[in-house]
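Asker: What follows is entry-v8.pdb; its format and atoms are PDB, C-alpha atoms and all ligand atoms.
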```pdb
MODEL        1
ATOM      1  CA  MET B   1       0.000   0.000   0.000
ATOM      2  CA  ALA B   2       1.312   3.435  -0.898
ATOM      3  CA  ILE B   3       1.976   5.729   2.032
ATOM      4  CA  ILE B   4       0.886   9.300   1.372
ATOM      5  CA  MET B   5       2.060  11.999   3.732
ATOM      6  CA  PHE B   6       1.050  15.615   3.815
ATOM      7  CA  ASP B   7       3.167  18.226   5.506
ATOM      8  CA  PHE B   8       1.690  21.702   5.241
ATOM      9  CA  ARG B   9       1.992  24.157   8.136
ATOM     10  CA  PRO B  10       3.315  27.358   6.530
ATOM     11  CA  GLY B  11       5.840  29.397   8.528
ATOM     12  CA  PRO B  12       5.024  32.595  10.453
ATOM     13  CA  GLU B  13       6.296  34.769   7.577
ATOM     14  CA  VAL B  14       3.378  33.722   5.338
ATOM     15  CA  SER B  15       0.665  36.416   5.046
ATOM     16  CA  THR B  16      -2.944  35.687   5.979
ATOM     17  CA  ALA B  17      -4.080  35.971   2.339
ATOM     18  CA  GLU B  18      -1.330  33.614   1.139
ATOM     19  CA  ARG B  19      -2.076  31.190   3.991
ATOM     20  CA  TRP B  20      -5.751  30.983   2.948
ATOM     21  CA  GLN B  21      -4.744  30.603  -0.703
ATOM     22  CA  GLN B  22      -2.505  27.643   0.114
ATOM     23  CA  LEU B  23      -5.113  26.144   2.450
ATOM     24  CA  THR B  24      -7.826  26.387  -0.205
ATOM     25  CA  GLU B  25      -5.593  24.774  -2.830
ATOM     26  CA  ALA B  26      -4.760  21.926  -0.434
ATOM     27  CA  ALA B  27      -8.478  21.488   0.406
ATOM     28  CA  ASP B  28      -9.338  21.468  -3.289
ATOM     29  CA  ALA B  29      -6.714  18.818  -4.024
ATOM     30  CA  LEU B  30      -7.712  16.637  -1.046
ATOM     31  CA  THR B  31     -11.476  16.707  -1.598
ATOM     32  CA  GLN B  32     -11.599  16.675  -5.401
ATOM     33  CA  GLY B  33     -13.242  13.488  -6.669
ATOM     34  CA  GLU B  34     -13.964  12.201  -3.144
ATOM     35  CA  ARG B  35     -17.696  11.760  -2.625
ATOM     36  CA  ASP B  36     -17.712  10.900   1.087
ATOM     37  CA  PRO B  37     -18.731  14.027   3.020
ATOM     38  CA  VAL B  38     -17.354  12.835   6.376
ATOM     39  CA  ALA B  39     -13.925  12.114   4.865
ATOM     40  CA  ASN B  40     -13.877  15.541   3.230
ATOM     41  CA  MET B  41     -14.964  17.416   6.372
ATOM     42  CA  ALA B  42     -12.413  15.482   8.462
ATOM     43  CA  ASN B  43      -9.551  16.331   6.116
ATOM     44  CA  VAL B  44     -10.575  19.987   5.884
ATOM     45  CA  ALA B  45     -10.787  20.255   9.704
ATOM     46  CA  ALA B  46      -7.233  18.869   9.842
ATOM     47  CA  LEU B  47      -6.089  21.355   7.187
ATOM     48  CA  LEU B  48      -7.594  24.328   9.041
ATOM     49  CA  TRP B  49      -5.782  23.160  12.170
ATOM     50  CA  GLU B  50      -2.474  22.738  10.308
ATOM     51  CA  PHE B  51      -2.555  26.003   8.379
ATOM     52  CA  LEU B  52      -3.994  28.461  10.889
ATOM     53  CA  PRO B  53      -2.058  29.455  14.006
ATOM     54  CA  ASP B  54      -3.620  30.097  17.426
ATOM     55  CA  LEU B  55      -6.734  27.908  17.144
ATOM     56  CA  ASN B  56      -8.217  25.768  19.880
ATOM     57  CA  TRP B  57     -11.101  24.365  17.803
ATOM     58  CA  ALA B  58     -11.726  23.929  14.063
ATOM     59  CA  GLY B  59     -14.545  21.963  12.509
ATOM     60  CA  PHE B  60     -18.056  21.485  11.220
ATOM     61  CA  TYR B  61     -21.639  21.482  12.410
ATOM     62  CA  ARG B  62     -24.127  20.005   9.932
ATOM     63  CA  MET B  63     -27.739  21.079   9.417
ATOM     64  CA  ILE B  64     -29.841  18.031  10.241
ATOM     65  CA  ALA B  65     -33.582  17.826   9.619
ATOM     66  CA  GLU B  66     -35.893  15.513  11.545
ATOM     67  CA  GLY B  67     -39.424  15.959  10.313
ATOM     68  CA  ASP B  68     -40.021  19.694  10.204
ATOM     69  CA  ALA B  69     -37.394  20.470  12.849
ATOM     70  CA  ARG B  70     -33.863  21.465  11.917
ATOM     71  CA  GLU B  71     -30.842  21.858  14.144
ATOM     72  CA  LEU B  72     -27.048  21.815  13.969
ATOM     73  CA  VAL B  73     -25.305  18.553  14.838
ATOM     74  CA  LEU B  74     -21.585  18.225  15.517
ATOM     75  CA  GLY B  75     -19.449  17.046  12.601
ATOM     76  CA  PRO B  76     -15.734  16.327  12.107
ATOM     77  CA  PHE B  77     -13.449  18.638  14.103
ATOM     78  CA  ILE B  78     -10.121  19.055  15.877
ATOM     79  CA  GLY B  79     -10.145  20.345  19.441
ATOM     80  CA  ARG B  80     -11.866  19.568  22.699
ATOM     81  CA  PRO B  81     -15.096  17.525  22.715
ATOM     82  CA  ALA B  82     -17.918  19.948  21.932
ATOM     83  CA  CYS B  83     -21.616  20.588  22.328
ATOM     84  CA  ILE B  84     -23.378  18.004  20.092
ATOM     85  CA  ARG B  85     -26.645  19.718  19.125
ATOM     86  CA  ILE B  86     -27.202  23.453  18.691
ATOM     87  CA  ALA B  87     -30.620  24.999  18.100
ATOM     88  CA  LEU B  88     -30.898  27.454  15.200
ATOM     89  CA  GLY B  89     -30.421  30.985  16.461
ATOM     90  CA  ARG B  90     -28.485  29.846  19.527
ATOM     91  CA  GLY B  91     -24.872  30.929  20.109
ATOM     92  CA  VAL B  92     -22.496  31.943  17.361
ATOM     93  CA  CYS B  93     -22.953  28.803  15.264
ATOM     94  CA  GLY B  94     -26.745  28.800  15.565
ATOM     95  CA  THR B  95     -26.837  32.478  14.572
ATOM     96  CA  ALA B  96     -24.715  31.826  11.461
ATOM     97  CA  ALA B  97     -26.908  28.848  10.550
ATOM     98  CA  GLN B  98     -30.195  30.712  11.003
ATOM     99  CA  SER B  99     -29.144  33.909   9.251
ATOM    100  CA  GLY B 100     -26.890  32.428   6.567
ATOM    101  CA  GLU B 101     -24.420  35.199   7.503
ATOM    102  CA  THR B 102     -20.792  35.028   8.593
ATOM    103  CA  GLN B 103     -20.259  35.692  12.311
ATOM    104  CA  LEU B 104     -16.924  37.314  13.181
ATOM    105  CA  VAL B 105     -16.793  37.644  16.977
ATOM    106  CA  GLU B 106     -13.836  39.481  18.500
ATOM    107  CA  ASP B 107     -14.838  38.726  22.092
ATOM    108  CA  VAL B 108     -17.090  35.737  22.671
ATOM    109  CA  HIS B 109     -17.842  36.919  26.223
ATOM    110  CA  GLN B 110     -19.753  39.824  24.667
ATOM    111  CA  PHE B 111     -21.801  37.637  22.282
ATOM    112  CA  PRO B 112     -25.294  37.017  23.693
ATOM    113  CA  GLY B 113     -25.929  33.289  24.063
ATOM    114  CA  HIS B 114     -22.395  32.228  23.186
ATOM    115  CA  ILE B 115     -21.985  28.507  23.958
ATOM    116  CA  PRO B 116     -18.669  27.960  25.760
ATOM    117  CA  CYS B 117     -17.438  24.519  24.648
ATOM    118  CA  ASP B 118     -13.893  25.285  25.742
ATOM    119  CA  ALA B 119     -13.415  27.927  28.442
ATOM    120  CA  ALA B 120     -10.180  28.980  26.720
ATOM    121  CA  SER B 121     -12.046  30.342  23.654
ATOM    122  CA  ARG B 122     -11.931  34.126  23.335
ATOM    123  CA  SER B 123     -12.757  34.834  19.676
ATOM    124  CA  GLU B 124     -14.647  32.949  16.996
ATOM    125  CA  LEU B 125     -15.334  32.900  13.244
ATOM    126  CA  VAL B 126     -18.290  30.974  11.830
ATOM    127  CA  VAL B 127     -19.164  30.787   8.141
ATOM    128  CA  PRO B 128     -22.226  29.012   6.722
ATOM    129  CA  VAL B 129     -21.871  26.523   3.877
ATOM    130  CA  LEU B 130     -24.676  27.142   1.382
ATOM    131  CA  ARG B 131     -26.070  24.841  -1.291
ATOM    132  CA  GLY B 132     -28.826  26.115  -3.550
ATOM    133  CA  GLY B 133     -29.341  29.047  -1.159
ATOM    134  CA  ALA B 134     -29.861  26.793   1.891
ATOM    135  CA  VAL B 135     -27.458  26.419   4.809
ATOM    136  CA  ILE B 136     -26.203  22.809   4.871
ATOM    137  CA  ALA B 137     -23.444  23.237   7.497
ATOM    138  CA  VAL B 138     -21.308  25.802   9.270
ATOM    139  CA  ILE B 139     -17.533  25.897   9.636
ATOM    140  CA  ASP B 140     -16.459  27.046  13.102
ATOM    141  CA  LEU B 141     -13.032  28.354  14.135
ATOM    142  CA  ASP B 142     -12.221  29.208  17.768
ATOM    143  CA  SER B 143      -9.165  30.891  19.213
ATOM    144  CA  PRO B 144      -7.856  31.444  22.738
ATOM    145  CA  LEU B 145      -6.707  34.917  21.598
ATOM    146  CA  PRO B 146      -9.117  37.880  21.618
ATOM    147  CA  ALA B 147      -9.786  39.308  18.126
ATOM    148  CA  ARG B 148      -7.777  36.510  16.463
ATOM    149  CA  PHE B 149      -9.799  36.674  13.213
ATOM    150  CA  ASP B 150     -10.130  39.544  10.713
ATOM    151  CA  ASP B 151     -11.892  40.240   7.414
ATOM    152  CA  GLU B 152      -9.158  38.434   5.488
ATOM    153  CA  ASP B 153      -9.878  35.284   7.525
ATOM    154  CA  ALA B 154     -13.619  35.701   6.929
ATOM    155  CA  LYS B 155     -12.998  36.077   3.185
ATOM    156  CA  GLY B 156     -10.741  33.003   3.125
ATOM    157  CA  LEU B 157     -13.185  30.852   5.073
ATOM    158  CA  LYS B 158     -16.084  31.957   2.847
ATOM    159  CA  ARG B 159     -14.159  30.916  -0.252
ATOM    160  CA  LEU B 160     -13.421  27.557   1.353
ATOM    161  CA  ALA B 161     -17.114  27.146   2.214
ATOM    162  CA  GLU B 162     -18.020  27.796  -1.443
ATOM    163  CA  LEU B 163     -15.529  25.168  -2.593
ATOM    164  CA  LEU B 164     -16.966  22.626  -0.147
ATOM    165  CA  SER B 165     -20.619  23.295  -0.988
ATOM    166  CA  ALA B 166     -20.841  20.350  -3.410
ATOM    167  CA  ARG B 167     -18.309  18.158  -1.576
ATOM    168  CA  ILE B 168     -19.728  17.680   1.938
TER     169      ILE B 168
HETATM  170  N1  LIG B 201     -19.024  28.521  20.703
HETATM  171  C1  LIG B 201     -19.935  27.988  19.734
HETATM  172  C2  LIG B 201     -20.294  26.570  19.996
HETATM  173  C3  LIG B 201     -19.447  25.613  19.290
HETATM  174  S1  LIG B 201     -17.991  25.379  19.970
HETATM  175  O1  LIG B 201     -17.242  26.581  20.203
HETATM  176  C4  LIG B 201     -17.088  24.242  19.226
HETATM  177  C5  LIG B 201     -21.201  28.840  19.674
HETATM  178  O2  LIG B 201     -21.428  29.706  20.494
HETATM  179  O3  LIG B 201     -21.945  28.597  18.756
ENDMDL
END
```
Translate the structure of the given file into structure tokens.
Ligand code: SME
Answerer:
Amino acid sequence: MAIIMFDFRPGPEVSTAERWQQLTEAADALTQGERDPVANMANVAALLWEFLPDLNWAGFYRMIAEGDARELVLGPFIGRPACIRIALGRGVCGTAAQSGETQLVEDVHQFPGHIPCDAASRSELVVPVLRGGAVIAVIDLDSPLPARFDDEDAKGLKRLAELLSARI
């Protein structure tokens, strides 16, 4: 059996825009032609973790429908064990899922209803993954640093979410 190794982790000199560019290319290469959504989400969670410094959680929540009810359910991630089900509109993830809008939170302690999965988290970026106009998942990044994420990160994560729309 062939052994395939990936070693990414760009150095500290790499700009945020370049980091997201490289991450997106790696995600494209790893998920292209693979039809298993769990495998793709797992690899992308690992890539986010490898490429982005100062994270304490990176991963997915999926929109799950049971009858008429919809809620977010935990998907592949790296980090501490997390809250499994999140109601739409609740916390940062539930707000992104309900509104379909990116949530860039500089201080999670100031976000009404924030769900603290890891007490170390101080800032958070959540981007919805849309397919045909509907939210099918959200990608969540957490950091122990206040104001860790900026507009460049939001732009990069949105582009990644677009790429993954048909692959998860
Ligand atoms: N803090 C999130 C919950 C998910 S965890 O951070 C992994 C929120 O408020 O939605």
Asker: Please give the centre and size of the box around region 143-147 of chain B (axis-aligned, containing every atom listed in the file, 4 Å added per side), with values in Å to one decimal and written as AutoDock Vina command-line options.
Answerer:
```
--center_x -8.2 --center_y 35.1 --center_z 20.4 --size_x 11.1 --size_y 16.4 --size_z 12.6
```
Asker: Which residues are close to Ala134 (chain B), i.e. within 8 Å by all atoms listed in the file, leaving aside same-chain residues fewer than 3 positions away? Reply as a PDB file with C-alpha atoms, in the frame of the given file.
Answerer:
```pdb
ATOM      1  CA  GLY B 100     -26.890  32.428   6.567  1.00  0.00           C
ATOM      2  CA  LEU B 130     -24.676  27.142   1.382  1.00  0.00           C
ATOM      3  CA  ARG B 131     -26.070  24.841  -1.291  1.00  0.00           C
TER       4      ARG B 131
END
```
Asker: What is the distance between CA of Val38 (chain B) and CA of Pro76 (chain B), in Å to one decimal?
Answerer: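 Separation of CA of Val38 (chain B) and CA of Pro76 (chain B): 6.9 Å.
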Asker: Taking all atoms listed in the file into account, which of B:Leu47, B:Cys83, B:Val73, B:Leu145 comes nearest Asp107 (chain B)?
Answerer: B:Leu145
Asker: Of the candidates B:Leu52, B:Ala29, B:Cys117, B:Ala96, which one gets nearest to ligand LIG 201 (chain B) if we count only C-alpha atoms and all ligand atoms?
Answerer: B:Cys117
Asker: Do a neighbour search on region 160-163 of chain B at 9 Å with only C-alpha atoms, toss out local chain neighbours closer than 5 positions, and write the hits as a compact mmCIF listing (two decimals) with C-alpha atoms, in the coordinates of the input.
Answerer:
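Output file selection-v8.txt follows:
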```txt
# COMPACT_ATOMS: atom_id res chain seq x y z
CA TRP B 20 -5.75 30.98 2.95
CA LEU B 23 -5.11 26.14 2.45
CA THR B 24 -7.83 26.39 -0.20
CA ALA B 27 -8.48 21.49 0.41
CA ASP B 28 -9.34 21.47 -3.29
CA VAL B 127 -19.16 30.79 8.14
CA PRO B 128 -22.23 29.01 6.72
CA VAL B 129 -21.87 26.52 3.88
CA LEU B 130 -24.68 27.14 1.38
CA ARG B 131 -26.07 24.84 -1.29
CA VAL B 138 -21.31 25.80 9.27
CA ILE B 139 -17.53 25.90 9.64
CA LYS B 155 -13.00 36.08 3.18
```
Asker: Would you name the residues within 10 Å of ligand LIG 201 (chain B), counting all atoms listed in the file, and put them as an MDAnalysis selection string?
Answerer: chainID B and resid 56:61 72 74 77:97 103 105 108:109 111:126 138:143
Asker: Which of these, B:Ala45, B:Ala17, B:Glu106, B:Ala137, has the shortest distance to Arg62 (chain B) once you count only C-alpha atoms?
Answerer: B:Ala137
Asker: Looking at only C-alpha atoms, which of B:Thr16, B:Phe6, B:Gly75, B:Asp150 is the one that sits closest to Met41 (chain B)?
Answerer: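 So, comparing all the options, the nearest one is B:Gly75.
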Asker: Of the candidates B:Asn40, B:Gln21, B:Gln32, B:Ser15, which shows the shortest atom-to-atom distance to Lys158 (chain B), using only C-alpha atoms?
Answerer: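 Checking each of B:Asn40, B:Gln21, B:Gln32, B:Ser15 against Lys158 (chain B), counting only C-alpha atoms, the winner is B:Gln21.
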Asker: Can you tell me how far CA of Arg19 (chain B) sits from CA of Phe51 (chain B), in Å to one decimal?
Answerer: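 Going from CA of Arg19 (chain B) over to CA of Phe51 (chain B), I get 6.8 Å.
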Asker: CA of Arg70 (chain B) to CA of Leu104 (chain B): how many Å, to one decimal?
Answerer: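 Straight-line distance from CA of Arg70 (chain B) to CA of Leu104 (chain B) works out to 23.2 Å.
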Asker: Counting all atoms listed in the file, figure out which residue out of B:Ala147, B:Val135, B:Leu157, B:Ala42 gets nearest to Met63 (chain B).
Answerer: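 Of B:Ala147, B:Val135, B:Leu157, B:Ala42, the one nearest Met63 (chain B), counting all atoms listed in the file, is B:Val135.
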